[in-house]
Amino acid sequence: MEVAMGATLKDATAIAGIGQTPFAKRLPESEKALACRAILAALDDAGIAPSEVDAFASYTMEETDEVEVAKAIGAGDVTFFSKVGYGGGGSCATVAHLAAAIATGQASVGVAWRSRKRGSGPRPWTNTRAQLPTPAQWTRPYGLLRPADEIGLLARRYMHEYGATRDHFFNVALACRNRANQNPAAMMYERPLTREMYMTARWISEPLCLFDNCLETDGALACVIVSAERARDCRRPPVYIHSVAQGLPAQHHGMVNYWNDDPLTGPAWTAARQLWKTADFGAQDVDVAQIYDAFTPLIPLSLEGYGFCTRGEGAAFTEGGALEIGGRLPLNTGGGGLSEAYVHGFNLITEGVRQLRGTSTAQVPDAATCLVTAGEGVPTSALLLRS
């Protein structure tokens, strides 16, 4: 298959199937078993046999691997496989890698997945025997042990420079919780959040309280990517992959971004420039967004990076119900990492697909375009999806 110079991935591929396991604090099955269940559910959703799968993409932090998964589900010969680094920053990139492989003829049916037992398993940073990666050598010996500590620093800087308040972070937490309250699959289903609960919650890493932090979840998700042409013949309506991007800014340094001239200009800004460059529409045309929410301050930072508002206006953007259904930008309509499940952002991809199929539990009327982002603060990735 010859690819013309200057060709893009625009609408050449589509997500044809999605699948997931239940989400819980503790599930009895292994990560491998959960992965296979999610993948088989996604293939069934698409109406594609496991033997047709010839491409896989996952995260470097994924404990399962394509060799074991391919054997267990009964895949055929595999001609493409990749893994993407940086934890939650890799979510959208798994789909992007498969889209590129399929669009260039390296494969025909791709599966991306994430399986994780974070609810019942250990925290990655508790392994004191492991050699610290370079960024952590500059932070952990000085007390920044967890991601919450590092994002806490960025949040305080953002509050100081632009006047963001805890009420703005509450707006984010509330929007995600309200959507989870509508979603029977969410861990926080039928568990409302009030401002009093938020303001009196215990600190995790000041200024971040309990409800500024994502959940800890066992569960797995997967999606199936095929050519746009094939997707039109699959079991579900196709959701086209319109534009993709990854972003690693110059002089980036982990979540704290010490060496950047402006620590609050994170990877979102780099990814966004690439994402919009090949798109037929802009931020103002996005009907619904699934923005990575491991911590509430990441939302205003991402709103600015992806161009929904100008620099310093992300906090104010959240006011007046802007992130709710019917607001300026309905957000994380399944509940997100804060209130549905935290599986390194993969549930944001599957919820984006549901919105464009018209099957979300918090459906945005006539949604035709969706932005999905991966983790801000780390090398990241993003997808523009359209129906």
# chains A, B, ... in the order shown; residues from 1 in each chain; ligands from 1
>>> residues_around(residues="segment 279-290 of chain A", least_positions_apart="5", cutoff="7 Å", atoms="only C-alpha atoms", output="PyMOL selection string")
chain A and resi 242-243+307-308+329-332+348+352+367-373
>>> closest_atom_pairs(of="segment 125-222 of chain A", to="segment 340-345 of chain A", cutoff="7 Å", atoms="only C-alpha atoms", output="Markdown table")
| residue | atom | partner | partner_atom | distance |
| --- | --- | --- | --- | --- |
| A:Ala180 | CA | A:Glu340 | CA | 5.6 |
| A:Ala186 | CA | A:Glu340 | CA | 4.0 |
| A:Met187 | CA | A:Glu340 | CA | 5.2 |
| A:Met188 | CA | A:Glu340 | CA | 6.1 |
| A:Cys214 | CA | A:Tyr342 | CA | 6.3 |
| A:Leu215 | CA | A:Tyr342 | CA | 5.4 |
| A:Glu216 | CA | A:Tyr342 | CA | 6.0 |
| A:Thr217 | CA | A:Tyr342 | CA | 5.6 |
| A:Gly219 | CA | A:Val343 | CA | 6.9 |
>>> closest_residue(among="A:Leu153, A:Ala24, A:Leu34, A:Ala107", to="Pro297 of chain A", atoms="only C-alpha atoms")
A:Leu153
>>> closest_residue(among="A:Glu319, A:Asp262, A:Glu324, A:Glu63", to="Ala33 of chain A", atoms="only C-alpha atoms")
A:Glu63
>>> select_by_dssp(residues="segment 18-211 of chain A", states="strand (DSSP E or B)", output="list of chain:residue names")
A:Ile18, A:Gly19, A:Gln20, A:Ala24, A:Ala55, A:Phe56, A:Ala57, A:Ser58, A:Tyr59, A:Phe80, A:Phe81, A:Ser82, A:Lys83, A:Val84, A:Gly110, A:Val111, A:Ala112, A:Trp113, A:Arg114, A:Ser115, A:Arg116, A:Lys117, A:Trp203, A:Ile204, A:Ser205, A:Leu208, A:Cys209
>>> atom_distance(atom1="atom CA of His253 of chain A", atom2="atom CA of Glu62 of chain A")
22.5 Å
>>> closest_residue(among="A:Phe211, A:Cys234, A:Ile18, A:Val172", to="Leu303 of chain A", atoms="only C-alpha atoms")
A:Val172
>>> closest_residue(among="A:Gln246, A:Gln251, A:Ser51, A:Thr200", to="Val109 of chain A", atoms="only C-alpha atoms")
A:Ser51
>>> closest_atom_pairs(of="segment 60-87 of chain A", to="segment 91-103 of chain A", cutoff="8 Å", atoms="only C-alpha atoms", output="tab-separated table")
residue	atom	partner	partner_atom	distance
A:Phe80	CA	A:Ala101	CA	7.1
A:Ser82	CA	A:His97	CA	7.4
A:Lys83	CA	A:Thr94	CA	7.2
A:Val84	CA	A:Thr94	CA	6.5
A:Gly87	CA	A:Ser91	CA	7.8
>>> select_by_dssp(residues="segment 9-184 of chain A", states="helix (DSSP H, G or I)", output="short mmCIF file (atom, residue, chain, number, x, y, z; two decimals) with N, CA, C and O atoms, in the first residue's frame")
data_model
loop_
_atom_site.label_atom_id
_atom_site.label_comp_id
_atom_site.auth_asym_id
_atom_site.auth_seq_id
_atom_site.Cartn_x
_atom_site.Cartn_y
_atom_site.Cartn_z
N GLU A 31 -4.93 -9.95 36.07
CA GLU A 31 -4.92 -8.91 35.05
C GLU A 31 -5.02 -9.52 33.65
O GLU A 31 -5.65 -8.95 32.76
N LYS A 32 -4.40 -10.68 33.45
CA LYS A 32 -4.48 -11.33 32.15
C LYS A 32 -5.92 -11.74 31.84
O LYS A 32 -6.42 -11.52 30.72
N ALA A 33 -6.58 -12.34 32.80
CA ALA A 33 -7.97 -12.76 32.58
C ALA A 33 -8.87 -11.56 32.31
O ALA A 33 -9.73 -11.60 31.43
N LEU A 34 -8.67 -10.48 33.07
CA LEU A 34 -9.46 -9.27 32.85
C LEU A 34 -9.20 -8.69 31.46
O LEU A 34 -10.14 -8.28 30.76
N ALA A 35 -7.92 -8.68 31.05
CA ALA A 35 -7.58 -8.17 29.72
C ALA A 35 -8.30 -8.95 28.64
O ALA A 35 -8.89 -8.38 27.71
N CYS A 36 -8.24 -10.26 28.75
CA CYS A 36 -8.87 -11.10 27.72
C CYS A 36 -10.38 -10.92 27.69
O CYS A 36 -10.99 -10.91 26.61
N ARG A 37 -10.99 -10.78 28.85
CA ARG A 37 -12.44 -10.55 28.89
C ARG A 37 -12.80 -9.25 28.17
O ARG A 37 -13.77 -9.18 27.40
N ALA A 38 -12.05 -8.19 28.45
CA ALA A 38 -12.33 -6.89 27.82
C ALA A 38 -12.13 -6.96 26.31
O ALA A 38 -12.93 -6.43 25.53
N ILE A 39 -11.05 -7.61 25.89
CA ILE A 39 -10.75 -7.70 24.45
C ILE A 39 -11.81 -8.52 23.73
O ILE A 39 -12.30 -8.13 22.66
N LEU A 40 -12.19 -9.66 24.31
CA LEU A 40 -13.22 -10.48 23.67
C LEU A 40 -14.56 -9.75 23.62
O LEU A 40 -15.31 -9.87 22.64
N ALA A 41 -14.87 -8.96 24.64
CA ALA A 41 -16.10 -8.17 24.63
C ALA A 41 -16.06 -7.12 23.52
O ALA A 41 -17.07 -6.88 22.84
N ALA A 42 -14.89 -6.50 23.33
CA ALA A 42 -14.75 -5.48 22.28
C ALA A 42 -14.88 -6.11 20.89
O ALA A 42 -15.51 -5.54 19.99
N LEU A 43 -14.28 -7.28 20.70
CA LEU A 43 -14.40 -7.97 19.42
C LEU A 43 -15.84 -8.39 19.15
O LEU A 43 -16.34 -8.27 18.02
N ASP A 44 -16.51 -8.88 20.16
CA ASP A 44 -17.92 -9.24 20.00
C ASP A 44 -18.76 -8.02 19.68
O ASP A 44 -19.68 -8.08 18.84
N ASP A 45 -18.45 -6.89 20.30
CA ASP A 45 -19.16 -5.64 20.03
C ASP A 45 -19.02 -5.25 18.56
O ASP A 45 -19.96 -4.73 17.95
N ALA A 46 -17.84 -5.49 18.01
CA ALA A 46 -17.59 -5.16 16.60
C ALA A 46 -18.09 -6.24 15.65
O ALA A 46 -18.22 -5.98 14.45
N PRO A 50 -11.85 -13.30 16.95
CA PRO A 50 -10.50 -13.13 17.50
C PRO A 50 -9.40 -13.57 16.53
O PRO A 50 -8.32 -12.99 16.53
N SER A 51 -9.67 -14.56 15.71
CA SER A 51 -8.65 -15.05 14.78
C SER A 51 -8.25 -14.01 13.73
O SER A 51 -7.23 -14.16 13.07
N GLU A 52 -9.04 -12.95 13.57
CA GLU A 52 -8.73 -11.90 12.60
C GLU A 52 -7.81 -10.82 13.17
O GLU A 52 -7.32 -9.98 12.43
N GLU A 66 1.34 -8.95 24.63
CA GLU A 66 0.63 -9.40 23.44
C GLU A 66 0.83 -10.88 23.14
O GLU A 66 -0.05 -11.53 22.58
N VAL A 67 1.96 -11.46 23.56
CA VAL A 67 2.18 -12.89 23.30
C VAL A 67 1.15 -13.73 24.04
O VAL A 67 0.48 -14.59 23.45
N GLU A 68 1.01 -13.48 25.33
CA GLU A 68 0.07 -14.27 26.13
C GLU A 68 -1.38 -13.95 25.77
O GLU A 68 -2.23 -14.84 25.71
N VAL A 69 -1.66 -12.67 25.54
CA VAL A 69 -3.03 -12.28 25.19
C VAL A 69 -3.42 -12.89 23.85
O VAL A 69 -4.53 -13.43 23.69
N ALA A 70 -2.52 -12.82 22.87
CA ALA A 70 -2.83 -13.36 21.54
C ALA A 70 -3.13 -14.86 21.61
O ALA A 70 -4.07 -15.35 20.97
N LYS A 71 -2.35 -15.59 22.40
CA LYS A 71 -2.60 -17.02 22.56
C LYS A 71 -3.95 -17.28 23.23
O LYS A 71 -4.73 -18.13 22.81
N ALA A 72 -4.21 -16.51 24.28
CA ALA A 72 -5.40 -16.76 25.09
C ALA A 72 -6.69 -16.46 24.33
O ALA A 72 -7.69 -17.17 24.51
N ILE A 73 -6.69 -15.42 23.49
CA ILE A 73 -7.93 -15.08 22.79
C ILE A 73 -8.06 -15.83 21.46
O ILE A 73 -9.12 -15.81 20.84
N GLY A 87 2.70 5.89 31.42
CA GLY A 87 1.45 5.65 32.15
C GLY A 87 0.25 6.21 31.43
O GLY A 87 0.01 5.91 30.26
N GLY A 88 -0.50 7.06 32.13
CA GLY A 88 -1.71 7.61 31.56
C GLY A 88 -1.50 8.44 30.32
O GLY A 88 -2.45 8.68 29.56
N GLY A 89 -0.29 8.89 30.06
CA GLY A 89 -0.01 9.64 28.85
C GLY A 89 -0.10 8.80 27.60
O GLY A 89 -0.17 9.33 26.48
N GLY A 90 -0.11 7.47 27.76
CA GLY A 90 -0.10 6.59 26.60
C GLY A 90 -1.46 6.16 26.10
O GLY A 90 -1.54 5.50 25.06
N SER A 91 -2.54 6.51 26.79
CA SER A 91 -3.84 5.92 26.46
C SER A 91 -4.24 6.16 25.01
O SER A 91 -4.46 5.22 24.24
N CYS A 92 -4.35 7.41 24.59
CA CYS A 92 -4.78 7.72 23.23
C CYS A 92 -3.75 7.26 22.21
O CYS A 92 -4.10 6.93 21.06
N ALA A 93 -2.48 7.24 22.58
CA ALA A 93 -1.42 6.84 21.64
C ALA A 93 -1.55 5.38 21.24
O ALA A 93 -1.15 5.01 20.13
N THR A 94 -2.09 4.53 22.10
CA THR A 94 -2.27 3.12 21.71
C THR A 94 -3.20 3.04 20.50
O THR A 94 -2.96 2.29 19.55
N VAL A 95 -4.26 3.83 20.52
CA VAL A 95 -5.19 3.88 19.39
C VAL A 95 -4.52 4.51 18.18
O VAL A 95 -4.67 4.04 17.04
N ALA A 96 -3.74 5.57 18.41
CA ALA A 96 -3.05 6.25 17.31
C ALA A 96 -2.07 5.33 16.60
O ALA A 96 -1.98 5.34 15.36
N HIS A 97 -1.32 4.54 17.35
CA HIS A 97 -0.36 3.61 16.75
C HIS A 97 -1.07 2.58 15.87
O HIS A 97 -0.61 2.27 14.76
N LEU A 98 -2.20 2.06 16.35
CA LEU A 98 -2.93 1.08 15.57
C LEU A 98 -3.56 1.73 14.33
O LEU A 98 -3.58 1.12 13.25
N ALA A 99 -4.03 2.94 14.48
CA ALA A 99 -4.60 3.65 13.32
C ALA A 99 -3.54 3.81 12.23
O ALA A 99 -3.81 3.60 11.04
N ALA A 100 -2.32 4.17 12.63
CA ALA A 100 -1.24 4.34 11.66
C ALA A 100 -0.88 3.02 11.01
O ALA A 100 -0.64 2.95 9.79
N ALA A 101 -0.84 1.96 11.80
CA ALA A 101 -0.50 0.64 11.24
C ALA A 101 -1.54 0.17 10.24
O ALA A 101 -1.21 -0.36 9.18
N ILE A 102 -2.80 0.38 10.56
CA ILE A 102 -3.87 -0.08 9.67
C ILE A 102 -3.94 0.81 8.42
O ILE A 102 -4.09 0.31 7.30
N ALA A 103 -3.78 2.11 8.59
CA ALA A 103 -3.85 3.02 7.45
C ALA A 103 -2.72 2.79 6.47
O ALA A 103 -2.85 3.07 5.27
N PRO A 124 2.92 1.90 42.52
CA PRO A 124 4.22 1.74 41.86
C PRO A 124 5.37 2.37 42.63
O PRO A 124 6.49 1.86 42.60
N TRP A 125 5.11 3.48 43.32
CA TRP A 125 6.21 4.21 43.97
C TRP A 125 6.63 3.60 45.31
O TRP A 125 7.55 4.09 45.95
N THR A 126 5.95 2.51 45.74
CA THR A 126 6.31 1.90 47.02
C THR A 126 7.47 0.91 46.90
O THR A 126 7.97 0.43 47.91
N THR A 134 15.29 8.95 36.11
CA THR A 134 15.99 10.23 36.27
C THR A 134 15.12 11.33 36.87
O THR A 134 15.54 12.00 37.82
N PRO A 135 13.90 11.59 36.36
CA PRO A 135 13.12 12.67 36.96
C PRO A 135 12.87 12.47 38.45
O PRO A 135 12.93 13.42 39.23
N ALA A 136 12.61 11.21 38.85
CA ALA A 136 12.29 10.95 40.26
C ALA A 136 13.49 11.18 41.17
O ALA A 136 13.33 11.45 42.36
N GLN A 137 14.71 11.08 40.63
CA GLN A 137 15.90 11.33 41.45
C GLN A 137 15.96 12.78 41.92
O GLN A 137 16.65 13.09 42.89
N ARG A 140 11.77 12.64 44.51
CA ARG A 140 11.38 11.75 45.61
C ARG A 140 12.27 11.87 46.84
O ARG A 140 11.78 11.79 47.97
N PRO A 141 13.59 12.06 46.70
CA PRO A 141 14.39 12.22 47.91
C PRO A 141 14.02 13.47 48.73
O PRO A 141 14.37 13.57 49.90
N TYR A 142 13.27 14.38 48.10
CA TYR A 142 12.92 15.63 48.78
C TYR A 142 11.45 15.66 49.17
O TYR A 142 10.90 16.72 49.49
N PRO A 147 2.49 10.91 42.64
CA PRO A 147 2.00 11.87 41.65
C PRO A 147 1.18 13.00 42.27
O PRO A 147 1.25 14.14 41.82
N ALA A 148 0.41 12.69 43.31
CA ALA A 148 -0.40 13.73 43.96
C ALA A 148 0.46 14.85 44.51
O ALA A 148 0.06 16.03 44.49
N ASP A 149 1.65 14.52 44.99
CA ASP A 149 2.55 15.55 45.53
C ASP A 149 3.06 16.46 44.41
O ASP A 149 3.16 17.68 44.57
N GLU A 150 3.38 15.85 43.28
CA GLU A 150 3.92 16.63 42.16
C GLU A 150 2.83 17.52 41.55
O GLU A 150 3.08 18.70 41.27
N ILE A 151 1.63 16.98 41.36
CA ILE A 151 0.54 17.79 40.83
C ILE A 151 0.12 18.85 41.86
O ILE A 151 -0.33 19.94 41.49
N GLY A 152 0.26 18.53 43.14
CA GLY A 152 -0.02 19.53 44.17
C GLY A 152 0.83 20.78 44.00
O GLY A 152 0.36 21.91 44.19
N LEU A 153 2.11 20.59 43.62
CA LEU A 153 2.99 21.73 43.37
C LEU A 153 2.49 22.56 42.19
O LEU A 153 2.43 23.79 42.26
N LEU A 154 2.15 21.89 41.09
CA LEU A 154 1.64 22.60 39.92
C LEU A 154 0.33 23.32 40.24
O LEU A 154 0.11 24.45 39.79
N ALA A 155 -0.53 22.66 41.02
CA ALA A 155 -1.81 23.28 41.39
C ALA A 155 -1.59 24.54 42.20
O ALA A 155 -2.24 25.58 41.95
N ARG A 156 -0.68 24.50 43.14
CA ARG A 156 -0.41 25.69 43.96
C ARG A 156 0.16 26.82 43.09
O ARG A 156 -0.21 27.99 43.26
N ARG A 157 1.02 26.49 42.18
CA ARG A 157 1.56 27.51 41.26
C ARG A 157 0.45 28.13 40.42
O ARG A 157 0.39 29.34 40.22
N TYR A 158 -0.46 27.27 39.95
CA TYR A 158 -1.57 27.76 39.13
C TYR A 158 -2.49 28.67 39.95
O TYR A 158 -2.95 29.71 39.46
N MET A 159 -2.76 28.28 41.17
CA MET A 159 -3.59 29.10 42.05
C MET A 159 -2.93 30.45 42.30
O MET A 159 -3.59 31.51 42.27
N HIS A 160 -1.63 30.44 42.51
CA HIS A 160 -0.89 31.68 42.81
C HIS A 160 -0.87 32.61 41.59
O HIS A 160 -1.08 33.82 41.72
N GLU A 161 -0.63 32.06 40.41
CA GLU A 161 -0.44 32.90 39.24
C GLU A 161 -1.74 33.37 38.62
O GLU A 161 -1.80 34.48 38.07
N TYR A 162 -2.79 32.55 38.69
CA TYR A 162 -4.00 32.87 37.94
C TYR A 162 -5.27 32.96 38.77
O TYR A 162 -6.36 33.08 38.23
N ARG A 166 -10.08 26.54 45.23
CA ARG A 166 -10.58 25.19 45.45
C ARG A 166 -11.99 25.05 44.91
O ARG A 166 -12.39 23.95 44.53
N ASP A 167 -12.75 26.15 44.84
CA ASP A 167 -14.08 26.06 44.25
C ASP A 167 -14.01 25.66 42.77
O ASP A 167 -14.88 24.94 42.27
N HIS A 168 -12.97 26.12 42.07
CA HIS A 168 -12.81 25.73 40.68
C HIS A 168 -12.49 24.23 40.56
O HIS A 168 -13.02 23.54 39.68
N PHE A 169 -11.65 23.74 41.45
CA PHE A 169 -11.35 22.31 41.43
C PHE A 169 -12.60 21.49 41.79
O PHE A 169 -12.83 20.41 41.24
N PHE A 170 -13.39 22.03 42.71
CA PHE A 170 -14.65 21.37 43.07
C PHE A 170 -15.59 21.27 41.87
O PHE A 170 -16.27 20.26 41.68
N ASN A 171 -15.62 22.32 41.03
CA ASN A 171 -16.47 22.27 39.84
C ASN A 171 -16.14 21.06 38.98
O ASN A 171 -17.03 20.42 38.42
N VAL A 172 -14.85 20.76 38.87
CA VAL A 172 -14.41 19.59 38.09
C VAL A 172 -14.86 18.31 38.76
O VAL A 172 -15.45 17.42 38.12
N ALA A 173 -14.57 18.19 40.05
CA ALA A 173 -14.94 16.98 40.78
C ALA A 173 -16.44 16.74 40.73
O ALA A 173 -16.91 15.60 40.57
N LEU A 174 -17.22 17.82 40.85
CA LEU A 174 -18.67 17.69 40.87
C LEU A 174 -19.21 17.25 39.52
O LEU A 174 -20.09 16.38 39.45
N ALA A 175 -18.70 17.82 38.44
CA ALA A 175 -19.17 17.43 37.11
C ALA A 175 -18.92 15.95 36.86
O ALA A 175 -19.80 15.23 36.35
N CYS A 176 -17.74 15.48 37.23
CA CYS A 176 -17.43 14.05 37.03
C CYS A 176 -18.32 13.18 37.91
O CYS A 176 -18.82 12.14 37.47
N ARG A 177 -18.52 13.59 39.15
CA ARG A 177 -19.36 12.79 40.05
C ARG A 177 -20.82 12.78 39.59
O ARG A 177 -21.49 11.74 39.65
N ASN A 178 -21.31 13.92 39.11
CA ASN A 178 -22.69 13.96 38.62
C ASN A 178 -22.90 13.00 37.47
O ASN A 178 -23.94 12.35 37.36
N ARG A 179 -21.89 12.89 36.58
CA ARG A 179 -22.03 11.96 35.45
C ARG A 179 -21.92 10.51 35.93
O ARG A 179 -22.62 9.64 35.43
N ALA A 180 -21.06 10.26 36.90
CA ALA A 180 -20.96 8.91 37.45
C ALA A 180 -22.26 8.49 38.13
O ALA A 180 -22.64 7.31 38.10
#
>>> atom_distance(atom1="atom CA of Arg146 of chain A", atom2="atom CA of Ala220 of chain A")
23.2 Å
>>> closest_residue(among="A:Gly326, A:Ile349, A:Ala201, A:Thr194", to="Pro365 of chain A", atoms="only C-alpha atoms")
A:Gly326
>>> atom_distance(atom1="atom CA of Gly74 of chain A", atom2="atom CA of Ile48 of chain A")
12.3 Å
>>> residues_around(residues="Leu27 of chain A", least_positions_apart="6", cutoff="8 Å", atoms="only C-alpha atoms", output="list in words")
Lys117, Ser120, Asp218 and Gly219 of chain A
>>> write_last_selection(atoms="C-alpha atoms", output="CSV table (one decimal), in the first residue's frame")
chain,number,residue,atom,x,y,z
A,117,LYS,CA,-5.4,-4.1,39.4
A,120,SER,CA,-6.1,-4.3,45.1
A,218,ASP,CA,-9.4,-3.0,39.4
A,219,GLY,CA,-10.7,-3.5,35.8
>>> closest_residue(among="A:Leu298, A:Leu9, A:Gln355, A:Thr361", to="Ala185 of chain A", atoms="only C-alpha atoms")
A:Thr361
>>> decode(residues="segment 230-239 of chain A", atoms="all heavy atoms", output="PDB file, in the first residue's frame")
ATOM      1  N   ARG A 230     -13.981  -0.935   6.353  1.00  0.00           N
ATOM      2  CA  ARG A 230     -14.472  -2.139   7.021  1.00  0.00           C
ATOM      3  C   ARG A 230     -15.426  -1.789   8.159  1.00  0.00           C
ATOM      4  O   ARG A 230     -16.406  -2.497   8.401  1.00  0.00           O
ATOM      5  CB  ARG A 230     -13.306  -2.956   7.552  1.00  0.00           C
ATOM      6  CG  ARG A 230     -13.787  -4.159   8.342  1.00  0.00           C
ATOM      7  CD  ARG A 230     -12.781  -5.222   8.534  1.00  0.00           C
ATOM      8  NE  ARG A 230     -13.393  -6.394   9.143  1.00  0.00           N
ATOM      9  CZ  ARG A 230     -12.758  -7.510   9.432  1.00  0.00           C
ATOM     10  NH1 ARG A 230     -11.467  -7.623   9.147  1.00  0.00           N
ATOM     11  NH2 ARG A 230     -13.384  -8.536   9.979  1.00  0.00           N
ATOM     12  N   ALA A 231     -15.131  -0.692   8.866  1.00  0.00           N
ATOM     13  CA  ALA A 231     -15.953  -0.324  10.022  1.00  0.00           C
ATOM     14  C   ALA A 231     -17.409  -0.106   9.640  1.00  0.00           C
ATOM     15  O   ALA A 231     -18.318  -0.360  10.438  1.00  0.00           O
ATOM     16  CB  ALA A 231     -15.388   0.933  10.674  1.00  0.00           C
ATOM     17  N   ARG A 232     -17.635   0.357   8.420  1.00  0.00           N
ATOM     18  CA  ARG A 232     -19.007   0.623   7.985  1.00  0.00           C
ATOM     19  C   ARG A 232     -19.832  -0.663   7.849  1.00  0.00           C
ATOM     20  O   ARG A 232     -21.065  -0.610   7.815  1.00  0.00           O
ATOM     21  CB  ARG A 232     -18.991   1.417   6.674  1.00  0.00           C
ATOM     22  CG  ARG A 232     -18.548   2.865   6.872  1.00  0.00           C
ATOM     23  CD  ARG A 232     -18.732   3.694   5.616  1.00  0.00           C
ATOM     24  NE  ARG A 232     -17.635   3.531   4.667  1.00  0.00           N
ATOM     25  CZ  ARG A 232     -16.519   4.268   4.668  1.00  0.00           C
ATOM     26  NH1 ARG A 232     -16.345   5.220   5.584  1.00  0.00           N
ATOM     27  NH2 ARG A 232     -15.578   4.069   3.769  1.00  0.00           N
ATOM     28  N   ASP A 233     -19.138  -1.799   7.807  1.00  0.00           N
ATOM     29  CA  ASP A 233     -19.834  -3.089   7.703  1.00  0.00           C
ATOM     30  C   ASP A 233     -19.862  -3.838   9.031  1.00  0.00           C
ATOM     31  O   ASP A 233     -20.332  -4.983   9.080  1.00  0.00           O
ATOM     32  CB  ASP A 233     -19.158  -3.961   6.640  1.00  0.00           C
ATOM     33  CG  ASP A 233     -19.295  -3.374   5.239  1.00  0.00           C
ATOM     34  OD1 ASP A 233     -20.336  -2.745   4.960  1.00  0.00           O
ATOM     35  OD2 ASP A 233     -18.354  -3.531   4.437  1.00  0.00           O
ATOM     36  N   CYS A 234     -19.347  -3.226  10.081  1.00  0.00           N
ATOM     37  CA  CYS A 234     -19.306  -3.894  11.381  1.00  0.00           C
ATOM     38  C   CYS A 234     -20.643  -3.751  12.103  1.00  0.00           C
ATOM     39  O   CYS A 234     -21.570  -3.094  11.640  1.00  0.00           O
ATOM     40  CB  CYS A 234     -18.161  -3.340  12.222  1.00  0.00           C
ATOM     41  SG  CYS A 234     -16.533  -3.902  11.685  1.00  0.00           S
ATOM     42  N   ARG A 235     -20.706  -4.370  13.283  1.00  0.00           N
ATOM     43  CA  ARG A 235     -21.961  -4.484  14.015  1.00  0.00           C
ATOM     44  C   ARG A 235     -22.458  -3.147  14.550  1.00  0.00           C
ATOM     45  O   ARG A 235     -23.664  -2.925  14.658  1.00  0.00           O
ATOM     46  CB  ARG A 235     -21.731  -5.487  15.157  1.00  0.00           C
ATOM     47  CG  ARG A 235     -22.951  -5.837  15.950  1.00  0.00           C
ATOM     48  CD  ARG A 235     -22.640  -7.003  16.880  1.00  0.00           C
ATOM     49  NE  ARG A 235     -22.559  -8.275  16.133  1.00  0.00           N
ATOM     50  CZ  ARG A 235     -22.054  -9.398  16.640  1.00  0.00           C
ATOM     51  NH1 ARG A 235     -21.546  -9.398  17.865  1.00  0.00           N
ATOM     52  NH2 ARG A 235     -22.043 -10.499  15.928  1.00  0.00           N
ATOM     53  N   ARG A 236     -21.557  -2.254  14.907  1.00  0.00           N
ATOM     54  CA  ARG A 236     -21.921  -0.969  15.509  1.00  0.00           C
ATOM     55  C   ARG A 236     -21.597   0.179  14.559  1.00  0.00           C
ATOM     56  O   ARG A 236     -20.745   0.043  13.686  1.00  0.00           O
ATOM     57  CB  ARG A 236     -21.159  -0.765  16.820  1.00  0.00           C
ATOM     58  CG  ARG A 236     -21.306  -1.892  17.814  1.00  0.00           C
ATOM     59  CD  ARG A 236     -22.698  -1.964  18.387  1.00  0.00           C
ATOM     60  NE  ARG A 236     -22.788  -2.990  19.432  1.00  0.00           N
ATOM     61  CZ  ARG A 236     -23.917  -3.400  19.986  1.00  0.00           C
ATOM     62  NH1 ARG A 236     -25.062  -2.870  19.582  1.00  0.00           N
ATOM     63  NH2 ARG A 236     -23.925  -4.322  20.918  1.00  0.00           N
ATOM     64  N   PRO A 237     -22.217   1.345  14.755  1.00  0.00           N
ATOM     65  CA  PRO A 237     -21.867   2.497  13.929  1.00  0.00           C
ATOM     66  C   PRO A 237     -20.390   2.858  14.131  1.00  0.00           C
ATOM     67  O   PRO A 237     -19.894   2.851  15.267  1.00  0.00           O
ATOM     68  CB  PRO A 237     -22.773   3.617  14.459  1.00  0.00           C
ATOM     69  CG  PRO A 237     -23.894   2.916  15.154  1.00  0.00           C
ATOM     70  CD  PRO A 237     -23.316   1.649  15.688  1.00  0.00           C
ATOM     71  N   PRO A 238     -19.673   3.168  13.049  1.00  0.00           N
ATOM     72  CA  PRO A 238     -18.252   3.495  13.194  1.00  0.00           C
ATOM     73  C   PRO A 238     -18.034   4.827  13.884  1.00  0.00           C
ATOM     74  O   PRO A 238     -18.826   5.759  13.718  1.00  0.00           O
ATOM     75  CB  PRO A 238     -17.750   3.533  11.749  1.00  0.00           C
ATOM     76  CG  PRO A 238     -18.962   3.850  10.939  1.00  0.00           C
ATOM     77  CD  PRO A 238     -20.118   3.206  11.651  1.00  0.00           C
ATOM     78  N   VAL A 239     -16.972   4.903  14.668  1.00  0.00           N
ATOM     79  CA  VAL A 239     -16.519   6.174  15.235  1.00  0.00           C
ATOM     80  C   VAL A 239     -15.153   6.445  14.633  1.00  0.00           C
ATOM     81  O   VAL A 239     -14.185   5.730  14.913  1.00  0.00           O
ATOM     82  CB  VAL A 239     -16.471   6.111  16.776  1.00  0.00           C
ATOM     83  CG1 VAL A 239     -15.805   7.357  17.342  1.00  0.00           C
ATOM     84  CG2 VAL A 239     -17.886   5.955  17.335  1.00  0.00           C
TER      85      VAL A 239
END
